[in-house]
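Novice: One structure is given below, represented as structure tokens, and several questions about it will come after.
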Amino acid sequence: MLNESSLRSKMQKVLSLVASDIASIRTGRSTPTLVEDIEINAYGGTQLLMVKELSTISAPDNQTILIDPWDKSIIGEIKQGIVEAKIGLNPSIDGEVIRISLPPMTTEDREKFVRLLSTKLESGRVMVRQIRAEALKDIRKSFEEKEIGEDDKFNQEKRLQEITDDYIEKINEAGENKKKQLLQI
């Protein structure tokens, strides 16, 4: 039997995951999402926390990210964590804040990020298809056990495909929007 609300819930989680995943791809504009999920070994390595859990992150202009730690004693650890994340950002401590100046993206950078975007989008589509495959297996099992008739099986499979197509289209739209941002100079 097709449980549509459960199916939509699972696919929505995939869509949210893909959206947050592609938000971390650099577009040439500064945005807090570039650094907020970087994990930092804070307080002498006793705690593993994300930058967004340790500070206020802002983007005052298109080329700068400012990180203002709530606890100024860990400013060096936050800087070190960003460097160790190896995402191509060079943070510098400017008084009580960390300033990251983003260099302009080259055409080669943009192409590399478009390829990365394509990879992330495809993995999202694969996850949606896996959810569809599980639901399809359940429908066919119900049919084999004579819980549903052939018409119900056909209708549920058709509805499943419509929902799958809808979520794949949403993933594609998110990807197109991100690609436009990447290619915009």
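Please note that chains go A, B, ... in the order of the structure tokens, that every chain numbers its residues from 1, and that ligands are numbered from 1 in the order shown.
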I'd like the contact shell of Glu144 (chain A) - 12 Å cut-off, only C-alpha atoms, skipping same-chain residues fewer than 6 positions apart - returned as a list in words.
Specialist: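 Here the answer would be Met1, Lys137, Asp138, Glu150 and Lys153 of chain A.
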Novice: With N, CA and C atoms retained, could you export that selection as a PDB file, in the first residue's frame?
Specialist:
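After the write, again.pdb holds the following:
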```pdb
ATOM      1  N   MET A   1       0.838  -1.182   0.000  1.00  0.00           N
ATOM      2  CA  MET A   1       0.000   0.000   0.000  1.00  0.00           C
ATOM      3  C   MET A   1       0.886   1.250   0.000  1.00  0.00           C
ATOM      4  N   LYS A 137       8.652  -1.646  -4.340  1.00  0.00           N
ATOM      5  CA  LYS A 137       8.771  -2.999  -3.809  1.00  0.00           C
ATOM      6  C   LYS A 137       7.592  -3.303  -2.869  1.00  0.00           C
ATOM      7  N   ASP A 138       7.238  -2.322  -2.028  1.00  0.00           N
ATOM      8  CA  ASP A 138       6.101  -2.495  -1.106  1.00  0.00           C
ATOM      9  C   ASP A 138       4.787  -2.682  -1.867  1.00  0.00           C
ATOM     10  N   GLU A 150      -5.006  -5.528  -9.286  1.00  0.00           N
ATOM     11  CA  GLU A 150      -4.122  -5.067 -10.347  1.00  0.00           C
ATOM     12  C   GLU A 150      -4.349  -3.590 -10.669  1.00  0.00           C
ATOM     13  N   LYS A 153      -2.720  -1.585  -7.991  1.00  0.00           N
ATOM     14  CA  LYS A 153      -1.272  -1.649  -8.168  1.00  0.00           C
ATOM     15  C   LYS A 153      -0.848  -0.651  -9.253  1.00  0.00           C
TER      16      LYS A 153
END
```
Novice: Neighbours of Ser92 (chain A) within 9 Å (only C-alpha atoms; same-chain residues fewer than 3 positions away dropped), as a tab-separated table (two decimals) with N, CA and C atoms, in the first residue's frame?
Specialist:
```tsv
chain	number	residue	atom	x	y	z
A	79	LYS	N	39.61	30.17	13.58
A	79	LYS	CA	40.43	30.43	12.39
A	79	LYS	C	41.12	29.15	11.92
A	97	VAL	N	37.32	39.99	15.58
A	97	VAL	CA	36.54	39.27	14.58
A	97	VAL	C	37.49	38.56	13.61
A	98	ILE	N	36.92	37.58	12.91
A	98	ILE	CA	37.68	36.90	11.86
A	98	ILE	C	37.14	37.42	10.54
A	99	ARG	N	38.00	37.87	9.69
A	99	ARG	CA	37.60	38.41	8.39
A	99	ARG	C	38.10	37.47	7.30
A	100	ILE	N	37.20	37.10	6.40
A	100	ILE	CA	37.57	36.25	5.26
A	100	ILE	C	37.26	37.04	3.99
A	101	SER	N	38.30	37.34	3.22
A	101	SER	CA	38.12	38.02	1.94
A	101	SER	C	38.11	36.96	0.85
```
Novice: Tell me, as a list in words, which residues lie within 12 Å of Glu176 (chain A), counting only C-alpha atoms; anything in the same chain fewer than 6 positions away does not count.
Specialist: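 Listed by chain and then number, they are Ala19, Ile22, Val114, Leu117, Ser118, Leu121, Glu169, Lys170, Leu182 and Leu183 of chain A.
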Novice: Please produce a file of those selected residues containing N, CA and C atoms, as a JSON list (two decimals), in the first residue's frame.
Specialist:
```json
[["chain", "number", "residue", "atom", "x", "y", "z"],
["A", 19, "ALA", "N", 19.35, 20.88, -0.87],
["A", 19, "ALA", "CA", 19.36, 22.35, -0.81],
["A", 19, "ALA", "C", 20.46, 22.86, 0.11],
["A", 22, "ILE", "N", 23.96, 22.13, -1.59],
["A", 22, "ILE", "CA", 24.37, 23.02, -2.68],
["A", 22, "ILE", "C", 24.53, 24.46, -2.21],
["A", 114, "VAL", "N", 30.48, 24.10, -11.01],
["A", 114, "VAL", "CA", 29.33, 23.58, -11.76],
["A", 114, "VAL", "C", 29.38, 22.05, -11.80],
["A", 117, "LEU", "N", 28.39, 20.85, -8.42],
["A", 117, "LEU", "CA", 26.94, 21.00, -8.31],
["A", 117, "LEU", "C", 26.23, 19.83, -8.99],
["A", 118, "SER", "N", 26.66, 19.49, -10.19],
["A", 118, "SER", "CA", 26.05, 18.38, -10.92],
["A", 118, "SER", "C", 26.15, 17.07, -10.14],
["A", 121, "LEU", "N", 23.68, 17.20, -7.20],
["A", 121, "LEU", "CA", 22.30, 17.07, -7.68],
["A", 121, "LEU", "C", 22.00, 15.62, -8.06],
["A", 169, "GLU", "N", 12.06, 17.12, -10.20],
["A", 169, "GLU", "CA", 11.94, 18.44, -10.83],
["A", 169, "GLU", "C", 12.33, 19.55, -9.85],
["A", 170, "LYS", "N", 11.93, 19.40, -8.58],
["A", 170, "LYS", "CA", 12.31, 20.41, -7.57],
["A", 170, "LYS", "C", 13.82, 20.43, -7.38],
["A", 182, "LEU", "N", 26.23, 30.61, -10.09],
["A", 182, "LEU", "CA", 27.64, 30.25, -10.32],
["A", 182, "LEU", "C", 28.20, 30.91, -11.58],
["A", 183, "LEU", "N", 27.38, 30.97, -12.61],
["A", 183, "LEU", "CA", 27.86, 31.47, -13.90],
["A", 183, "LEU", "C", 27.73, 32.99, -14.01]]
```
Novice: Just checking: using only C-alpha atoms, which residue out of A:Gln80, A:Gln156, A:Asn172, A:Ser58 ends up closest to Arg132 (chain A)?
Specialist: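 Using only C-alpha atoms, Arg132 (chain A) sits closest to A:Gln156.
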Novice: Can you pull out every residue within 12 Å of Asp152 (chain A), counting only C-alpha atoms, but drop anything in the same chain fewer than 6 positions away, and send it as a compact mmCIF listing (two decimals) with N, CA and C atoms, in the first residue's frame?
Specialist:
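Contents of selection-v5.txt, freshly written:
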```txt
# COMPACT_ATOMS: atom_id res chain seq x y z
N MET A 1 0.84 -1.18 0.00
CA MET A 1 0.00 0.00 0.00
C MET A 1 0.89 1.25 0.00
N LEU A 2 0.54 2.22 -0.80
CA LEU A 2 1.33 3.45 -0.92
C LEU A 2 0.94 4.44 0.18
N ILE A 139 4.61 -1.89 -2.93
CA ILE A 139 3.39 -2.00 -3.74
C ILE A 139 3.31 -3.39 -4.36
N ARG A 140 4.40 -3.84 -4.95
CA ARG A 140 4.41 -5.16 -5.62
C ARG A 140 4.22 -6.29 -4.61
N SER A 142 2.47 -6.04 -1.82
CA SER A 142 1.04 -6.01 -1.48
C SER A 142 0.22 -6.69 -2.58
N PHE A 143 0.61 -6.49 -3.83
CA PHE A 143 -0.10 -7.11 -4.95
C PHE A 143 0.08 -8.63 -4.93
N LYS A 146 -1.95 -10.43 -2.54
CA LYS A 146 -3.37 -10.23 -2.84
C LYS A 146 -4.06 -9.23 -1.90
N LYS A 158 1.58 4.50 -10.70
CA LYS A 158 1.48 5.74 -11.46
C LYS A 158 1.62 6.94 -10.53
N ARG A 159 0.94 6.91 -9.39
CA ARG A 159 1.00 8.00 -8.42
C ARG A 159 2.41 8.14 -7.85
N LEU A 160 3.05 7.01 -7.57
CA LEU A 160 4.42 7.00 -7.07
C LEU A 160 5.36 7.69 -8.06
```
Novice: Do a neighbour search on region 42-47 of chain A at 10 Å with only C-alpha atoms, toss out local chain neighbours closer than 5 positions, and write the hits as number ranges by chain.
Specialist: A: 54, 73-78, 81
Novice: Using DSSP secondary structure from the backbone, list all strand (DSSP E or B) positions within region 71-116 of chain A, as a PyMOL selection string.
Specialist: chain A and resi 91-94+97-101
Novice: Output C-alpha atoms for every residue in that selection, as a PDB file, in the first residue's frame.
Specialist:
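Printed below is selection-v1.pdb as written:
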```pdb
ATOM      1  CA  PRO A  91      40.709  33.736   7.362  1.00  0.00           C
ATOM      2  CA  SER A  92      42.552  36.487   9.192  1.00  0.00           C
ATOM      3  CA  ILE A  93      42.021  37.767  12.713  1.00  0.00           C
ATOM      4  CA  ASP A  94      41.112  41.455  12.702  1.00  0.00           C
ATOM      5  CA  VAL A  97      36.542  39.269  14.576  1.00  0.00           C
ATOM      6  CA  ILE A  98      37.680  36.898  11.857  1.00  0.00           C
ATOM      7  CA  ARG A  99      37.605  38.414   8.389  1.00  0.00           C
ATOM      8  CA  ILE A 100      37.574  36.255   5.261  1.00  0.00           C
ATOM      9  CA  SER A 101      38.115  38.021   1.943  1.00  0.00           C
TER      10      SER A 101
END
```
Novice: Ranking A:Lys52, A:Gly175, A:Ile82, A:Asp61 by minimum distance to Thr119 (chain A) and counting only C-alpha atoms, which one comes first?
Specialist: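 Counting only C-alpha atoms, the residue closest to Thr119 (chain A) is A:Gly175.
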Novice: Between A:Ile131, A:Val35, A:Gln63, A:Val83, which one has atoms that come closest to Ser6 (chain A), using only C-alpha atoms?
Specialist: A:Ile131
Novice: I'd like the neighbourhood of Val126 (chain A) as a PyMOL selection string, where a residue qualifies if any of its atoms comes within 12 Å (using only C-alpha atoms), though same-chain residues fewer than 2 positions away should be ignored.
Specialist: chain A and resi 11+14-15+18+119-124+128-133+164+167-168+171
Novice: Using only C-alpha atoms, which residue out of A:Asn90, A:Thr56, A:Thr27, A:Ser16 lies closest to Lys178 (chain A)?
Specialist: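 Nearest to Lys178 (chain A): A:Thr27.
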Novice: Find the distance between CA of Leu89 (chain A) and CA of Gln181 (chain A) and write it in Å to one decimal.
Specialist: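 Going from CA of Leu89 (chain A) over to CA of Gln181 (chain A) covers 19.2 Å.
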Novice: Counting only C-alpha atoms, what is within 8 Å of Glu36 (chain A), bar same-chain residues fewer than 4 positions away, as a list in words?
Specialist: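 That gives Pro32, Met50, Val51, Lys52 and Ile57 of chain A.
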